[in-house]
Amino acid sequence: MIEFFVSKPELFWFILGLVLLLLELVMPGFVIIFFGIGAWITALLCLVADPGFNLQAIVFAVASVLSLIALRKMLQKRFFYTDSKLSESVEDEFTGKEAVAVTSIDAGGTGKVEFKGTTWRAESDAAINEGQRVVIKKIENVKLIVEPKK
């Protein structure tokens, strides 16, 4: 079996790349995929040329590291939320929406409001009575900053 992979190194590197790409699906971190890319680049090299094992290992290492450095941030921005995009989407879901005060809130104090069937801790600069409708100005962690509805 080993002789087969020695005689066909492009097949070995292709299968290694495939295994690494599949491993990325079950392991978090978004790093292993770039080693799979490096393995596939090495497989292409072996397909068009006949490099020795040392050159194959060097190409694999360099291609993996370069693809990691060059592509990771770009692909993360494209396929995953960044912290700012995530917080913007969460704020959009709350900001400007109406809620109902469950408890009275003193000016500059905290209380509770109900929004989408859930009770939230809330803070307001103006006094709010129990049962009064409020508008959510922003969200800070798990606390809503509200103001009375006009």
# chains A, B, ... in the order shown; residues from 1 in each chain; ligands from 1

$ residues_around --residues "Gly131 of chain A" --least-positions-apart "4" --cutoff "9 Å" --atoms "only C-alpha atoms" --output "ChimeraX atom specification"
/A:100-104,113

$ write_last_selection --atoms "C-alpha atoms" --output "PDB file, in the first residue's frame"
ATOM      1  CA  VAL A 100     -44.115  47.438  27.620  1.00  0.00           C
ATOM      2  CA  ALA A 101     -42.849  48.342  31.071  1.00  0.00           C
ATOM      3  CA  VAL A 102     -43.452  45.474  33.497  1.00  0.00           C
ATOM      4  CA  THR A 103     -42.269  47.523  36.487  1.00  0.00           C
ATOM      5  CA  SER A 104     -42.010  51.243  37.104  1.00  0.00           C
ATOM      6  CA  VAL A 113     -39.789  45.613  30.251  1.00  0.00           C
TER       7      VAL A 113
END

$ residues_around --residues "Lys97 of chain A" --least-positions-apart "6" --cutoff "10 Å" --atoms "only C-alpha atoms" --output "mmCIF file with N, CA and C atoms, in the first residue's frame"
data_model
loop_
_atom_site.group_PDB
_atom_site.id
_atom_site.type_symbol
_atom_site.label_atom_id
_atom_site.label_comp_id
_atom_site.auth_asym_id
_atom_site.auth_seq_id
_atom_site.Cartn_x
_atom_site.Cartn_y
_atom_site.Cartn_z
ATOM 1 N N PHE A 115 -40.502 42.425 25.977
ATOM 2 C CA PHE A 115 -40.290 42.587 24.539
ATOM 3 C C PHE A 115 -40.258 41.209 23.905
ATOM 4 N N LYS A 116 -41.110 40.997 22.926
ATOM 5 C CA LYS A 116 -41.213 39.714 22.218
ATOM 6 C C LYS A 116 -41.424 38.548 23.180
ATOM 7 N N VAL A 134 -42.880 51.764 25.789
ATOM 8 C CA VAL A 134 -41.576 52.397 25.669
ATOM 9 C C VAL A 134 -40.965 52.052 24.308
ATOM 10 N N VAL A 135 -39.988 52.843 23.899
ATOM 11 C CA VAL A 135 -39.257 52.599 22.663
ATOM 12 C C VAL A 135 -37.821 52.251 23.046
ATOM 13 N N ILE A 136 -37.301 51.206 22.449
ATOM 14 C CA ILE A 136 -35.928 50.766 22.733
ATOM 15 C C ILE A 136 -34.957 51.626 21.930
ATOM 16 N N LYS A 137 -34.046 52.299 22.633
ATOM 17 C CA LYS A 137 -33.045 53.143 21.976
ATOM 18 C C LYS A 137 -31.831 52.328 21.566
ATOM 19 N N LYS A 138 -31.372 51.443 22.451
ATOM 20 C CA LYS A 138 -30.230 50.580 22.140
ATOM 21 C C LYS A 138 -30.174 49.446 23.143
ATOM 22 N N VAL A 146 -34.165 52.316 27.226
ATOM 23 C CA VAL A 146 -35.479 52.669 26.686
ATOM 24 C C VAL A 146 -35.827 54.107 27.003
#

$ select_by_dssp --residues "chain A" --states "helix (DSSP H, G or I)" --output "MDAnalysis selection string"
chainID A and resid 2:7 9:26 32:48 53:79 83:94

$ closest_residue --among "A:Pro9, A:Gly111, A:Lys73, A:Arg121" --to "Asp50 of chain A" --atoms "only C-alpha atoms"
A:Pro9

$ select_by_dssp --residues "segment 4-138 of chain A" --states "strand (DSSP E)" --output "PyMOL selection string"
chain A and resi 98-101+110-115+118-124+133-138

$ write_last_selection --atoms "C-alpha atoms" --output "PDB file, in the first residue's frame"
ATOM      1  CA  GLU A  98     -41.745  49.042  21.203  1.00  0.00           C
ATOM      2  CA  ALA A  99     -41.884  47.233  24.531  1.00  0.00           C
ATOM      3  CA  VAL A 100     -44.115  47.438  27.620  1.00  0.00           C
ATOM      4  CA  ALA A 101     -42.849  48.342  31.071  1.00  0.00           C
ATOM      5  CA  THR A 110     -33.555  50.362  36.138  1.00  0.00           C
ATOM      6  CA  GLY A 111     -36.586  48.148  35.872  1.00  0.00           C
ATOM      7  CA  LYS A 112     -38.070  45.502  33.622  1.00  0.00           C
ATOM      8  CA  VAL A 113     -39.789  45.613  30.251  1.00  0.00           C
ATOM      9  CA  GLU A 114     -41.429  42.934  28.133  1.00  0.00           C
ATOM     10  CA  PHE A 115     -40.290  42.587  24.539  1.00  0.00           C
ATOM     11  CA  THR A 118     -39.474  37.953  27.215  1.00  0.00           C
ATOM     12  CA  THR A 119     -38.778  40.115  30.237  1.00  0.00           C
ATOM     13  CA  TRP A 120     -35.664  42.274  29.906  1.00  0.00           C
ATOM     14  CA  ARG A 121     -33.755  44.447  32.318  1.00  0.00           C
ATOM     15  CA  ALA A 122     -34.169  48.056  31.217  1.00  0.00           C
ATOM     16  CA  GLU A 123     -32.729  51.451  32.026  1.00  0.00           C
ATOM     17  CA  SER A 124     -34.209  54.865  31.298  1.00  0.00           C
ATOM     18  CA  ARG A 133     -45.254  51.661  26.240  1.00  0.00           C
ATOM     19  CA  VAL A 134     -41.576  52.397  25.669  1.00  0.00           C
ATOM     20  CA  VAL A 135     -39.257  52.599  22.663  1.00  0.00           C
ATOM     21  CA  ILE A 136     -35.928  50.766  22.733  1.00  0.00           C
ATOM     22  CA  LYS A 137     -33.045  53.143  21.976  1.00  0.00           C
ATOM     23  CA  LYS A 138     -30.230  50.580  22.140  1.00  0.00           C
TER      24      LYS A 138
END

$ atom_distance --atom1 "atom CA of Leu20 of chain A" --atom2 "atom CA of Ile33 of chain A"
6.2 Å

$ closest_residue --among "A:Gly109, A:Gly117, A:Pro28, A:Gly36" --to "Phe60 of chain A" --atoms "only C-alpha atoms"
A:Gly36

$ atom_distance --atom1 "atom CA of Thr42 of chain A" --atom2 "atom CA of Ser7 of chain A"
14.9 Å

$ closest_residue --among "A:Ala63, A:Ile37, A:Val31, A:Ala43" --to "Phe12 of chain A" --atoms "only C-alpha atoms"
A:Ala43

$ atom_distance --atom1 "atom CA of Lys143 of chain A" --atom2 "atom CA of Ile128 of chain A"
15.9 Å

$ residues_around --residues "Leu45 of chain A" --least-positions-apart "4" --cutoff "12 Å" --atoms "only C-alpha atoms" --output "list of chain:residue names"
A:Pro9, A:Glu10, A:Leu11, A:Trp13, A:Phe14, A:Gly38, A:Ala39, A:Trp40, A:Ile41, A:Ala49, A:Asp50, A:Pro51, A:Gly52, A:Phe53, A:Leu55, A:Gln56, A:Ala57, A:Ile58, A:Val59, A:Phe60, A:Ala63
